[in-house]
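Shown next: target_36.txt, containing compact mmCIF, C-alpha atoms.
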```
# COMPACT_ATOMS: atom_id res chain seq x y z
CA MET A 1 -39.56 130.70 14.35
CA ALA A 2 -42.96 130.15 15.94
CA GLN A 3 -43.36 126.84 14.12
CA ARG A 4 -39.94 125.58 15.22
CA GLU A 5 -40.66 126.60 18.81
CA GLY A 6 -43.98 124.72 18.62
CA ASN A 7 -42.07 121.55 17.84
CA LEU A 8 -39.78 121.93 20.83
CA VAL A 9 -42.14 122.77 23.69
CA ALA A 10 -44.47 120.38 25.51
CA PRO A 11 -47.87 119.73 23.90
CA THR A 12 -50.77 121.84 25.16
CA ARG A 13 -54.24 120.31 25.54
CA HIS A 14 -57.17 122.61 24.88
CA PRO A 15 -60.65 122.06 26.33
CA LEU A 16 -63.16 120.07 24.30
CA ASP A 17 -65.88 122.37 22.95
CA TRP A 18 -68.46 119.58 23.05
CA GLN A 19 -71.50 121.66 23.99
CA SER A 20 -71.42 123.90 20.91
CA ASP A 21 -73.68 123.30 17.91
CA ALA A 22 -70.67 123.27 15.58
CA PHE A 23 -69.18 120.31 17.43
CA TYR A 24 -71.97 118.04 16.13
CA ASP A 25 -72.17 119.51 12.62
CA GLN A 26 -71.28 116.70 10.18
CA GLU A 27 -69.94 118.99 7.45
CA SER A 28 -67.73 120.85 9.92
CA LEU A 29 -66.49 117.55 11.33
CA ASP A 30 -65.69 116.14 7.88
CA THR A 31 -63.73 119.28 7.00
CA GLU A 32 -61.58 118.97 10.12
CA LEU A 33 -61.15 115.21 9.64
CA GLU A 34 -59.92 115.78 6.09
CA ARG A 35 -57.51 118.51 7.24
CA VAL A 36 -55.97 116.39 10.01
CA PHE A 37 -55.98 113.17 7.98
CA ASP A 38 -54.04 114.97 5.24
CA ILE A 39 -51.39 116.00 7.80
CA CYS A 40 -51.23 112.45 9.18
CA HIS A 41 -50.95 111.00 5.67
CA GLY A 42 -47.95 113.22 4.97
CA CYS A 43 -46.26 112.25 8.25
CA ARG A 44 -47.15 108.62 9.09
CA ARG A 45 -45.09 108.57 12.30
CA CYS A 46 -47.94 106.92 14.21
CA VAL A 47 -48.34 103.91 11.92
CA ASN A 48 -47.09 101.55 14.66
CA LEU A 49 -49.61 102.65 17.30
CA CYS A 50 -53.31 101.69 17.21
CA ASP A 51 -55.11 100.49 14.07
CA SER A 52 -56.58 103.95 13.34
CA PHE A 53 -53.50 104.95 11.40
CA PRO A 54 -53.05 101.81 9.27
CA THR A 55 -56.78 102.03 8.50
CA LEU A 56 -56.41 105.66 7.40
CA PHE A 57 -53.29 105.03 5.32
CA ASP A 58 -54.88 102.01 3.61
CA LEU A 59 -57.91 104.13 2.69
CA VAL A 60 -55.60 106.76 1.20
CA ASP A 61 -53.35 104.29 -0.62
CA GLU A 62 -56.32 102.45 -2.11
CA SER A 63 -58.08 105.63 -3.29
CA GLU A 64 -58.03 106.86 -6.90
CA THR A 65 -55.95 109.94 -6.09
CA PHE A 66 -53.65 108.33 -3.46
CA GLU A 67 -54.52 111.36 -1.34
CA VAL A 68 -57.09 112.05 1.38
CA ASP A 69 -59.36 113.87 -1.11
CA GLY A 70 -59.87 110.53 -2.84
CA VAL A 71 -61.30 108.87 0.26
CA ASP A 72 -65.07 108.67 0.58
CA LYS A 73 -66.03 110.76 3.62
CA THR A 74 -68.42 108.03 4.75
CA ASP A 75 -65.31 105.89 5.35
CA PHE A 76 -63.82 108.39 7.81
CA SER A 77 -65.69 106.64 10.64
CA LYS A 78 -63.65 103.50 9.96
CA VAL A 79 -60.67 105.41 11.34
CA SER A 80 -62.38 106.71 14.48
CA ASP A 81 -63.86 103.25 15.18
CA GLN A 82 -60.32 101.95 15.73
CA CYS A 83 -59.31 104.71 18.16
CA TYR A 84 -59.59 103.84 21.85
CA LEU A 85 -58.31 107.21 23.13
CA CYS A 86 -54.99 106.00 24.54
CA ASP A 87 -53.56 109.49 23.77
CA LEU A 88 -50.15 108.07 22.87
CA CYS A 89 -50.15 109.66 19.41
CA TYR A 90 -50.68 113.07 21.01
CA MET A 91 -48.23 112.65 23.86
CA THR A 92 -45.40 110.63 22.30
CA LYS A 93 -45.45 110.86 18.50
CA CYS A 94 -47.17 113.83 16.88
CA PRO A 95 -44.93 116.85 16.06
CA TYR A 96 -47.92 119.02 15.16
CA THR A 97 -49.76 119.28 18.47
CA PRO A 98 -50.52 122.74 19.93
CA PRO A 99 -48.77 125.18 20.15
CA HIS A 100 -47.81 124.20 16.60
CA GLU A 101 -49.83 126.26 14.12
CA TRP A 102 -51.46 123.13 12.66
CA ALA A 103 -52.87 122.34 16.12
CA VAL A 104 -53.45 118.61 15.63
CA ASP A 105 -55.25 116.88 18.48
CA PHE A 106 -55.99 113.49 16.97
CA PRO A 107 -57.56 111.89 20.09
CA HIS A 108 -59.98 114.77 20.62
CA LEU A 109 -60.89 114.72 16.93
CA MET A 110 -61.60 111.00 17.18
CA LEU A 111 -63.66 111.63 20.31
CA ARG A 112 -65.65 114.26 18.40
CA ALA A 113 -66.25 111.78 15.57
CA LYS A 114 -67.41 109.17 18.09
CA ALA A 115 -69.71 111.69 19.77
CA VAL A 116 -71.28 112.72 16.46
CA LYS A 117 -71.80 109.09 15.50
CA PHE A 118 -73.35 108.34 18.89
CA GLU A 119 -75.62 111.36 18.59
CA GLN A 120 -76.78 110.25 15.12
CA GLN A 121 -76.92 106.47 15.53
CA GLY A 122 -76.72 105.59 19.22
CA ALA A 123 -74.82 102.39 20.09
CA LYS A 124 -75.22 98.65 19.83
CA LEU A 125 -76.89 96.86 22.73
CA ARG A 126 -73.61 95.04 23.39
CA ASP A 127 -71.69 98.29 23.67
CA LYS A 128 -74.29 99.83 25.95
CA VAL A 129 -74.11 96.78 28.23
CA LEU A 130 -70.30 96.55 28.26
CA THR A 131 -69.96 100.24 29.14
CA ASN A 132 -72.58 100.11 31.93
CA THR A 133 -69.98 98.80 34.36
CA ASP A 134 -71.90 99.87 37.47
CA THR A 135 -75.04 97.95 36.53
CA VAL A 136 -73.25 94.88 35.22
CA GLY A 137 -71.05 94.74 38.31
CA LYS A 138 -73.96 95.03 40.72
CA LEU A 139 -76.00 92.34 38.97
CA ALA A 140 -73.13 89.92 38.36
CA SER A 141 -71.86 90.17 41.95
CA ILE A 142 -75.14 89.13 43.59
CA PRO A 143 -74.43 86.05 45.74
CA LEU A 144 -74.81 82.82 43.71
CA VAL A 145 -75.30 84.90 40.56
CA ASP A 146 -71.55 85.57 40.59
CA ILE A 147 -70.85 81.83 40.68
CA THR A 148 -73.18 81.24 37.73
CA VAL A 149 -71.75 84.11 35.68
CA ASN A 150 -68.18 82.99 36.29
CA ALA A 151 -69.01 79.39 35.36
CA LEU A 152 -70.74 80.45 32.13
CA ASN A 153 -67.82 82.67 31.16
CA LYS A 154 -65.57 79.60 31.38
CA ASN A 155 -67.95 77.39 29.37
CA THR A 156 -66.85 76.95 25.75
CA LEU A 157 -70.34 76.45 24.32
CA PHE A 158 -71.71 79.49 26.13
CA ARG A 159 -68.79 81.66 25.05
CA LYS A 160 -69.22 80.68 21.40
CA ALA A 161 -72.92 81.45 21.63
CA LEU A 162 -72.09 84.79 23.23
CA ASP A 163 -69.65 85.44 20.39
CA ASN A 164 -72.17 84.64 17.66
CA GLY A 165 -75.17 86.34 19.22
CA PHE A 166 -73.70 89.22 21.22
CA GLY A 167 -70.30 89.97 19.70
CA VAL A 168 -68.03 89.15 22.64
CA HIS A 169 -65.13 87.07 21.33
CA HIS A 170 -65.06 83.55 22.71
CA GLU A 171 -61.27 83.56 23.26
CA ALA A 172 -61.09 86.90 25.04
CA PRO A 173 -60.56 86.60 28.80
CA VAL A 174 -63.32 88.29 30.77
CA PRO A 175 -63.00 89.24 34.46
CA GLU A 176 -64.53 87.21 37.25
CA TYR A 177 -67.15 88.76 39.51
CA HIS A 178 -67.17 88.50 43.30
CA SER A 179 -70.09 88.84 45.68
CA ASN A 180 -67.58 89.57 48.43
CA THR A 181 -66.70 92.92 46.91
CA LEU A 182 -63.82 95.18 47.82
CA ARG A 183 -66.16 97.47 49.73
CA LYS A 184 -67.52 94.56 51.78
CA ARG A 185 -64.02 93.30 52.52
CA MET A 186 -62.66 96.67 53.53
CA ALA A 187 -65.56 98.00 55.59
CA SER A 188 -64.68 96.10 58.76
CA VAL A 189 -60.91 96.42 58.25
CA ILE A 190 -60.99 100.21 58.10
CA LYS A 191 -63.60 100.49 60.85
CA ASP A 192 -61.63 98.39 63.36
CA ASP A 193 -58.15 99.67 62.53
CA VAL A 194 -56.33 102.19 64.69
CA PRO A 195 -55.93 105.56 62.92
CA VAL A 196 -52.39 106.46 61.92
CA GLU A 197 -50.69 109.72 62.84
CA VAL A 198 -51.08 111.70 59.63
CA ALA A 199 -47.99 113.53 58.36
CA SER A 200 -48.11 115.96 55.48
CA VAL A 201 -45.07 115.47 53.24
CA GLY A 202 -44.34 117.69 50.24
CA LYS A 203 -47.45 117.82 48.02
CA THR A 204 -49.13 114.99 49.94
CA THR A 205 -51.32 115.33 53.02
CA GLY A 206 -50.73 111.78 54.26
CA LYS A 207 -54.49 111.19 54.27
CA ILE A 208 -55.87 109.60 51.12
CA ALA A 209 -59.25 108.36 49.91
CA LEU A 210 -59.35 105.36 47.58
CA TYR A 211 -61.73 105.68 44.65
CA VAL A 212 -62.44 101.97 44.41
CA THR A 213 -63.54 101.82 40.72
CA CYS A 214 -65.96 99.33 39.21
CA TYR A 215 -63.20 96.87 38.35
CA GLY A 216 -61.57 97.15 41.76
CA ASN A 217 -64.83 96.60 43.60
CA TYR A 218 -66.42 93.78 41.63
CA ASN A 219 -63.58 92.10 39.74
CA SER A 220 -60.45 92.47 41.85
CA PRO A 221 -61.63 92.81 45.47
CA THR A 222 -58.35 91.75 47.11
CA LEU A 223 -56.45 94.57 45.40
CA GLY A 224 -57.94 97.12 47.78
CA GLU A 225 -56.48 95.20 50.71
CA ASP A 226 -53.02 95.41 49.13
CA PHE A 227 -53.41 99.17 48.67
CA TYR A 228 -54.58 99.61 52.23
CA GLN A 229 -51.77 97.56 53.80
CA VAL A 230 -49.02 99.23 51.76
CA PHE A 231 -50.25 102.76 52.43
CA ARG A 232 -50.77 102.03 56.13
CA HIS A 233 -47.27 100.52 56.28
CA ASN A 234 -46.01 103.88 55.05
CA GLY A 235 -47.84 105.92 57.68
CA ILE A 236 -50.60 107.06 55.32
CA GLN A 237 -54.22 107.02 56.44
CA MET A 238 -56.43 105.45 53.79
CA ASP A 239 -60.21 105.51 53.68
CA LEU A 240 -62.63 104.57 50.94
CA VAL A 241 -64.61 107.12 48.97
CA SER A 242 -68.02 106.80 50.64
CA LYS A 243 -70.01 106.30 47.44
CA GLU A 244 -69.12 106.36 43.79
CA ARG A 245 -70.26 105.69 40.25
CA CYS A 246 -68.21 104.67 37.22
CA CYS A 247 -65.59 107.29 36.34
CA GLY A 248 -67.08 107.60 32.85
CA MET A 249 -64.13 106.36 30.77
CA PRO A 250 -66.13 103.53 29.10
CA LYS A 251 -68.84 106.00 28.09
CA LEU A 252 -66.20 108.48 26.90
CA GLU A 253 -64.73 105.86 24.56
CA LEU A 254 -68.25 105.23 23.24
CA GLY A 255 -68.73 108.95 22.53
CA ASP A 256 -71.63 109.25 24.98
CA LEU A 257 -70.65 112.59 26.48
CA LYS A 258 -74.02 113.21 28.11
CA ALA A 259 -73.58 109.98 30.11
CA VAL A 260 -70.10 111.19 31.08
CA GLU A 261 -71.67 114.41 32.36
CA LYS A 262 -74.22 112.49 34.47
CA LEU A 263 -71.47 110.39 36.04
CA LYS A 264 -69.40 113.51 36.68
CA ASN A 265 -72.35 115.12 38.41
CA ALA A 266 -72.67 112.09 40.69
CA ASN A 267 -68.97 111.70 41.54
CA ILE A 268 -67.43 115.15 41.69
CA PRO A 269 -69.44 116.52 44.66
CA VAL A 270 -68.44 113.50 46.77
CA LEU A 271 -64.77 113.76 45.80
CA ALA A 272 -64.65 117.55 46.18
CA LYS A 273 -66.03 117.24 49.71
CA LEU A 274 -63.24 114.80 50.58
CA VAL A 275 -60.66 117.25 49.25
CA ASP A 276 -62.19 119.96 51.45
CA GLU A 277 -61.74 117.59 54.39
CA GLY A 278 -58.02 117.31 53.69
CA TYR A 279 -57.93 114.11 51.66
CA ASP A 280 -55.79 113.36 48.64
CA LEU A 281 -57.34 110.96 46.11
CA THR A 282 -56.17 107.87 44.24
CA ALA A 283 -57.51 104.86 42.35
CA PRO A 284 -56.15 101.40 41.44
CA ILE A 285 -56.88 101.69 37.69
CA PRO A 286 -54.85 104.14 35.52
CA SER A 287 -57.81 104.92 33.23
CA CYS A 288 -59.88 106.10 36.19
CA VAL A 289 -57.00 108.22 37.48
CA LEU A 290 -56.57 109.76 34.03
CA MET A 291 -60.28 110.51 33.83
CA TYR A 292 -60.05 112.80 36.87
CA LYS A 293 -56.58 114.17 36.17
CA GLN A 294 -57.08 115.00 32.50
CA GLU A 295 -60.29 114.06 30.69
CA LEU A 296 -62.93 115.62 32.94
CA PRO A 297 -60.98 118.89 33.35
CA LEU A 298 -60.76 119.14 29.55
CA ILE A 299 -64.48 118.43 29.13
CA PHE A 300 -65.64 120.63 32.04
CA PRO A 301 -62.92 123.32 32.36
CA GLY A 302 -65.32 125.78 33.97
CA ASP A 303 -66.32 123.55 36.88
CA PRO A 304 -64.26 124.60 39.93
CA ASP A 305 -64.93 121.33 41.75
CA VAL A 306 -63.61 119.33 38.79
CA ILE A 307 -60.40 121.35 38.94
CA LYS A 308 -60.24 120.92 42.72
CA VAL A 309 -60.49 117.15 42.35
CA GLN A 310 -57.95 117.16 39.52
CA LYS A 311 -55.33 118.84 41.72
CA ALA A 312 -55.86 116.30 44.53
CA PHE A 313 -55.86 113.15 42.36
CA PHE A 314 -52.68 111.07 42.21
CA ASP A 315 -51.53 107.90 40.55
CA PRO A 316 -50.83 105.58 43.52
CA PHE A 317 -47.15 105.09 42.75
CA GLU A 318 -46.75 108.77 41.93
CA TYR A 319 -48.03 109.41 45.46
CA LEU A 320 -45.61 106.96 47.05
CA PHE A 321 -42.72 108.39 45.05
CA LEU A 322 -43.52 111.94 46.13
CA ARG A 323 -43.30 110.72 49.72
CA HIS A 324 -40.06 108.87 48.94
CA LYS A 325 -38.46 112.06 47.59
CA GLU A 326 -38.99 113.60 51.01
CA GLY A 327 -37.60 110.55 52.82
CA ALA A 328 -41.02 109.37 54.01
CA LEU A 329 -41.23 106.00 52.23
CA ASN A 330 -40.56 102.84 54.22
CA THR A 331 -37.68 101.12 52.38
CA ASP A 332 -37.29 98.27 54.86
CA PHE A 333 -38.13 95.50 52.39
CA ALA A 334 -38.22 91.92 53.64
CA ASN A 335 -38.36 89.98 50.37
CA PRO A 336 -36.52 90.50 47.06
CA LEU A 337 -38.63 89.95 43.96
CA GLY A 338 -36.01 88.99 41.38
CA GLY A 339 -36.96 89.88 37.82
CA ILE A 340 -40.15 91.79 37.03
CA SER A 341 -41.50 92.19 33.52
CA TYR A 342 -43.50 95.42 33.65
CA GLN A 343 -45.89 96.60 30.93
CA VAL A 344 -46.41 100.35 31.27
CA ALA A 345 -50.11 101.10 30.80
CA CYS A 346 -50.89 103.76 28.16
CA HIS A 347 -53.25 105.70 30.43
CA GLN A 348 -50.48 105.93 32.98
CA ARG A 349 -47.79 106.93 30.47
CA VAL A 350 -49.82 109.93 29.26
CA GLN A 351 -50.17 111.32 32.79
CA ASN A 352 -46.66 112.78 32.38
CA ILE A 353 -45.42 111.50 35.72
CA GLY A 354 -42.63 109.24 34.50
CA LEU A 355 -42.30 105.55 35.35
CA LYS A 356 -42.97 105.87 39.07
CA THR A 357 -44.13 102.27 39.47
CA ARG A 358 -40.82 101.08 38.07
CA ASP A 359 -38.92 103.53 40.27
CA ILE A 360 -40.61 102.33 43.47
CA LEU A 361 -40.24 98.62 42.68
CA SER A 362 -36.59 99.21 41.75
CA LEU A 363 -35.91 100.29 45.35
CA ILE A 364 -36.38 96.68 46.44
CA PRO A 365 -32.99 94.94 46.88
CA ASP A 366 -32.13 92.17 44.40
CA THR A 367 -35.00 93.22 42.16
CA LYS A 368 -34.71 94.16 38.48
CA VAL A 369 -37.63 95.80 36.68
CA HIS A 370 -37.76 95.36 32.89
CA SER A 371 -40.12 98.01 31.50
CA ILE A 372 -42.09 97.46 28.30
CA GLU A 373 -43.43 100.76 26.98
CA ARG A 374 -45.82 99.39 24.37
CA CYS A 375 -49.61 99.32 24.23
CA SER A 376 -51.40 96.13 25.27
CA GLY A 377 -54.24 96.71 22.80
CA HIS A 378 -56.83 95.96 25.47
CA ASP A 379 -58.74 99.20 26.08
CA GLY A 380 -61.51 97.81 28.24
CA THR A 381 -63.79 96.58 25.43
CA TYR A 382 -61.61 96.67 22.28
CA ALA A 383 -59.95 93.35 23.10
CA VAL A 384 -63.20 91.52 23.84
CA LYS A 385 -65.33 92.67 20.90
CA THR A 386 -65.53 90.12 18.10
CA GLU A 387 -64.73 92.60 15.32
CA THR A 388 -61.61 94.04 16.99
CA ARG A 389 -60.24 91.06 18.93
CA ASP A 390 -57.73 90.09 16.22
CA LYS A 391 -56.48 93.66 15.95
CA SER A 392 -56.00 93.88 19.72
CA VAL A 393 -53.96 90.68 19.59
CA LYS A 394 -51.80 92.14 16.82
CA ILE A 395 -51.20 95.33 18.82
CA ALA A 396 -50.28 93.27 21.89
CA ARG A 397 -47.88 90.99 20.03
CA PRO A 398 -44.67 93.02 20.64
CA VAL A 399 -45.43 93.18 24.38
CA VAL A 400 -46.17 89.47 24.53
CA ARG A 401 -42.97 88.62 22.66
CA LYS A 402 -40.91 90.85 24.94
CA ALA A 403 -42.46 89.38 28.09
CA ASN A 404 -41.85 85.86 26.80
CA ASP A 405 -38.21 86.68 26.04
CA GLN A 406 -37.66 88.22 29.47
CA ASN A 407 -39.15 85.20 31.24
CA ALA A 408 -39.03 87.15 34.51
CA ASP A 409 -40.12 85.92 37.92
CA HIS A 410 -43.15 88.20 37.82
CA PHE A 411 -45.30 89.87 35.17
CA THR A 412 -47.14 93.06 36.11
CA SER A 413 -48.99 96.08 34.79
CA ASP A 414 -50.76 98.91 36.58
CA CYS A 415 -53.79 98.03 34.43
CA PRO A 416 -55.11 94.60 35.54
CA MET A 417 -57.11 94.19 32.33
CA ALA A 418 -54.04 94.81 30.16
CA ALA A 419 -52.04 92.39 32.30
CA THR A 420 -54.67 89.67 31.91
CA HIS A 421 -54.87 90.24 28.16
CA ILE A 422 -51.09 89.94 27.73
CA SER A 423 -50.83 86.99 30.09
CA ASN A 424 -53.57 85.18 28.19
CA LEU A 425 -51.54 85.52 24.97
CA SER A 426 -48.20 84.67 26.61
CA SER A 427 -46.50 81.29 26.54
CA SER A 428 -45.82 81.64 30.29
CA ASP A 429 -48.09 80.05 32.87
CA LYS A 430 -47.34 82.80 35.42
CA LYS A 431 -50.39 84.71 36.60
CA PRO A 432 -50.12 88.52 36.38
CA GLU A 433 -49.77 90.43 39.64
CA HIS A 434 -50.58 94.07 40.31
CA PRO A 435 -47.53 96.21 41.24
CA MET A 436 -49.15 97.04 44.60
CA THR A 437 -49.49 93.33 45.31
CA LEU A 438 -45.80 92.88 44.53
CA LEU A 439 -44.90 95.79 46.81
CA ARG A 440 -46.92 94.28 49.64
CA THR A 441 -45.19 90.94 49.06
CA SER A 442 -41.82 92.61 49.27
CA TYR A 443 -42.75 94.32 52.54
CA GLY A 444 -43.87 90.95 53.93
CA ILE A 445 -47.10 92.37 55.36
```

Target encoding structure tokens, full file:
Amino acid sequence: MAQREGNLVAPTRHPLDWQSDAFYDQESLDTELERVFDICHGCRRCVNLCDSFPTLFDLVDESETFEVDGVDKTDFSKVSDQCYLCDLCYMTKCPYTPPHEWAVDFPHLMLRAKAVKFEQQGAKLRDKVLTNTDTVGKLASIPLVDITVNALNKNTLFRKALDNGFGVHHEAPVPEYHSNTLRKRMASVIKDDVPVEVASVGKTTGKIALYVTCYGNYNSPTLGEDFYQVFRHNGIQMDLVSKERCCGMPKLELGDLKAVEKLKNANIPVLAKLVDEGYDLTAPIPSCVLMYKQELPLIFPGDPDVIKVQKAFFDPFEYLFLRHKEGALNTDFANPLGGISYQVACHQRVQNIGLKTRDILSLIPDTKVHSIERCSGHDGTYAVKTETRDKSVKIARPVVRKANDQNADHFTSDCPMAATHISNLSSSDKKPEHPMTLLRTSYGI
């Protein structure tokens, strides 16, 4: 009876015991990998997700025994190398997650394998650079340097050299950098604007601080203006988080948990202070939202400030929808948007909030949102690395085909990087637009 009940109730995430000696013990890790891989081999429901599962099943099917015990344990890392911690297997596919007695948490096991590998071998220079988003953003956004960097990233000869010498695929789109960052753009706007009359509605205070994110600040500086205008239009006071570092998601995917801890120690005190001052929190990138809503609380469950921040952090469209439920959303839309092809980002799907972006955009008259609940295969660095570029394209193919077939007026995703990746592979010449940009367009503000 307990097993059947475990299959019917919602999955339970347990904290990551990453600071224990056993966590980094190779023999203990291999034993758990073999146990879970044997369960996955017998199930195979996740074969159509990331390439971790096809890699595992190929290793099993090509072994002498056709079972996991026939796989060389040194090949186990080939499976974890393909995992980019989207969490979809845990949240949407696996029937054996806790409270089931088998207690399978595939993403956390892959994270453990990555952490052990990082502890033993470190990381490639390329991977260290790509995951140091703060440093890269600051350097690449220096005036005139940004122009040079952007020009080189569009130069075919340079990109092929970068591919051969550094391992960044020459066909992968890389984001532009802007010296006129989001923070520079917004400083005067927020300073000179008249404060709104804050109204607490339901779970929301009506006063929110925007965690800008590395991508939002350096690569998509106009997006913050869209957030600000939409939230202001809905009677919500928005300010910027005064100072911030990377959320830590790139380092998490690398398995560098000590770097994640350092970034947490820099960010959490600032965010916790804002919560104490009555602010809710949000961010324009789903991965950064997920980091504060789920990953950090699971890595640091005993830190009261981490939990405080978790409870105050909202996906932006989740926040707007909570206000809408209480009748506090402005639904006076000026412009219909027609058809919208909407790729639902994995790191938003696993927040368990439903499709709130779709629900808000669907309020706009004469607007039809076509949701695509499939992974883009981007994952920050997975789609740009030479050795995984082709696999990311394969994972994205169903989304690209669906978007091409829909041929909607707009293509959007809450994750700008996923949207760019899909758009780059699409036959359409339409540029992707963030959902908040579309909402602002519809308001006519």

With the cut-off set at 10 Å and counting all atoms listed in the file, tabulate each residue of stretch 24-139 of chain A with an atom at most that distance from an atom of stretch 380-403 of chain A, showing the nearest atom pair and its distance in Å to one decimal, ordered by chain and increasing number, as a Markdown table.
```
| residue | atom | partner | partner_atom | distance |
| --- | --- | --- | --- | --- |
| A:Asn48 | CA | A:Ile395 | CA | 8.5 |
| A:Leu49 | CA | A:Ile395 | CA | 7.6 |
| A:Cys50 | CA | A:Ile395 | CA | 6.9 |
| A:Asp51 | CA | A:Lys391 | CA | 7.2 |
| A:Asp81 | CA | A:Thr388 | CA | 9.7 |
| A:Gln82 | CA | A:Thr388 | CA | 8.1 |
| A:Cys83 | CA | A:Tyr382 | CA | 9.3 |
| A:Tyr84 | CA | A:Tyr382 | CA | 7.5 |
| A:Arg126 | CA | A:Lys385 | CA | 9.0 |
| A:Asp127 | CA | A:Thr381 | CA | 8.3 |
| A:Leu130 | CA | A:Thr381 | CA | 7.1 |
| A:Thr131 | CA | A:Thr381 | CA | 8.1 |
```

Practice prompt. Go ahead and compute the interatomic distance for atom CA of A:Ile142 and atom CA of A:His178, in Å to one decimal.
Written response: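 Separation between atom CA of A:Ile142 and atom CA of A:His178: 8.0 Å.
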
Practice prompt. Select, from A:Pro98, A:Gln26, A:Lys325, A:Gly354, the residue with the minimum atom-to-atom distance to A:Val9, counting only C-alpha atoms.
Written response: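 The closest residue to A:Val9 is A:Pro98.
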
Item to complete: Kindly indicate which residue among A:Tyr215, A:Phe333, A:Phe227, A:Tyr279 lies nearest to A:Pro250, using only C-alpha atoms for the distances.
Response: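 The answer is A:Tyr215, which sits nearest to A:Pro250.
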
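Here the question is which of A:Pro11, A:Phe118, A:Leu329, A:Thr205 gets nearest to A:Lys258 using all atoms listed in the file, and that residue is A:Phe118.
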
Worksheet item: With all atoms listed in the file as the atoms that count, which of A:Met417, A:Ile39, A:Ala161, A:Ile360 lies nearest to A:Phe57?
Response: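 For A:Phe57, the nearest of the candidates is A:Ile39.
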
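Across the structure, atom CA of A:Val79 and atom CA of A:Lys251 are spaced 18.6 Å apart.
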
Residues near A:Ala266, anyone? I mean within 12 Å using all atoms listed in the file, not counting same-chain ones fewer than 3 positions away, as a compact mmCIF listing (two decimals) with C-alpha atoms, keeping the file's coordinate frame.
```txt
# COMPACT_ATOMS: atom_id res chain seq x y z
CA LYS A 243 -70.01 106.30 47.44
CA GLU A 244 -69.12 106.36 43.79
CA ARG A 245 -70.26 105.69 40.25
CA CYS A 246 -68.21 104.67 37.22
CA CYS A 247 -65.59 107.29 36.34
CA GLY A 248 -67.08 107.60 32.85
CA ALA A 259 -73.58 109.98 30.11
CA VAL A 260 -70.10 111.19 31.08
CA GLU A 261 -71.67 114.41 32.36
CA LYS A 262 -74.22 112.49 34.47
CA LEU A 263 -71.47 110.39 36.04
CA PRO A 269 -69.44 116.52 44.66
CA VAL A 270 -68.44 113.50 46.77
CA LEU A 271 -64.77 113.76 45.80
CA ALA A 272 -64.65 117.55 46.18
CA VAL A 306 -63.61 119.33 38.79
```

Worksheet, complete the sentence: In terms of all atoms listed in the file, the residue from A:Leu425, A:Cys288, A:Val194, A:Ala140 at minimal distance from A:Asn219 is A:Ala140

Worksheet entry | Residue with smallest distance to A:Phe106 - pool A:Glu326, A:Asp366, A:Asp414, A:Glu34, counting only C-alpha atoms | A:Glu34

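The residue set within 10 Å of A:Thr331, counting all atoms listed in the file and dropping same-chain residues fewer than 2 places from it, reads Asn234, His324, Gly327, Ala328, Leu329, Phe333, Ala334, Ile360, Leu363, Ile364, Pro365, Ser442 and Tyr443 of chain A.
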
Selection as a compact mmCIF listing (two decimals) with C-alpha atoms, in the frame of the given file: residues within 12 Å of (-70.6, 117.7, 18.6), counting all atoms listed in the file:
```
# COMPACT_ATOMS: atom_id res chain seq x y z
CA LEU A 16 -63.16 120.07 24.30
CA ASP A 17 -65.88 122.37 22.95
CA TRP A 18 -68.46 119.58 23.05
CA GLN A 19 -71.50 121.66 23.99
CA SER A 20 -71.42 123.90 20.91
CA ASP A 21 -73.68 123.30 17.91
CA ALA A 22 -70.67 123.27 15.58
CA PHE A 23 -69.18 120.31 17.43
CA TYR A 24 -71.97 118.04 16.13
CA ASP A 25 -72.17 119.51 12.62
CA GLN A 26 -71.28 116.70 10.18
CA GLU A 27 -69.94 118.99 7.45
CA SER A 28 -67.73 120.85 9.92
CA LEU A 29 -66.49 117.55 11.33
CA ASP A 30 -65.69 116.14 7.88
CA HIS A 108 -59.98 114.77 20.62
CA LEU A 109 -60.89 114.72 16.93
CA MET A 110 -61.60 111.00 17.18
CA LEU A 111 -63.66 111.63 20.31
CA ARG A 112 -65.65 114.26 18.40
CA ALA A 113 -66.25 111.78 15.57
CA LYS A 114 -67.41 109.17 18.09
CA ALA A 115 -69.71 111.69 19.77
CA VAL A 116 -71.28 112.72 16.46
CA LYS A 117 -71.80 109.09 15.50
CA PHE A 118 -73.35 108.34 18.89
CA GLU A 119 -75.62 111.36 18.59
CA GLN A 120 -76.78 110.25 15.12
CA GLY A 255 -68.73 108.95 22.53
CA ASP A 256 -71.63 109.25 24.98
CA LEU A 257 -70.65 112.59 26.48
CA LYS A 258 -74.02 113.21 28.11
```

Practice prompt. Fewer than 2 positions away in the same chain doesn't count, so skip those; otherwise give me all residues within 12 Å of A:Asp193, counting all atoms listed in the file, as a PyMOL selection string.
Written response: chain A and resi 186-191+195-196+228-229+232+237-239

Item to complete: Take atom CA of A:Asn155 and atom CA of A:His169 and report the distance between them in Å, one decimal.
Response: 12.9 Å
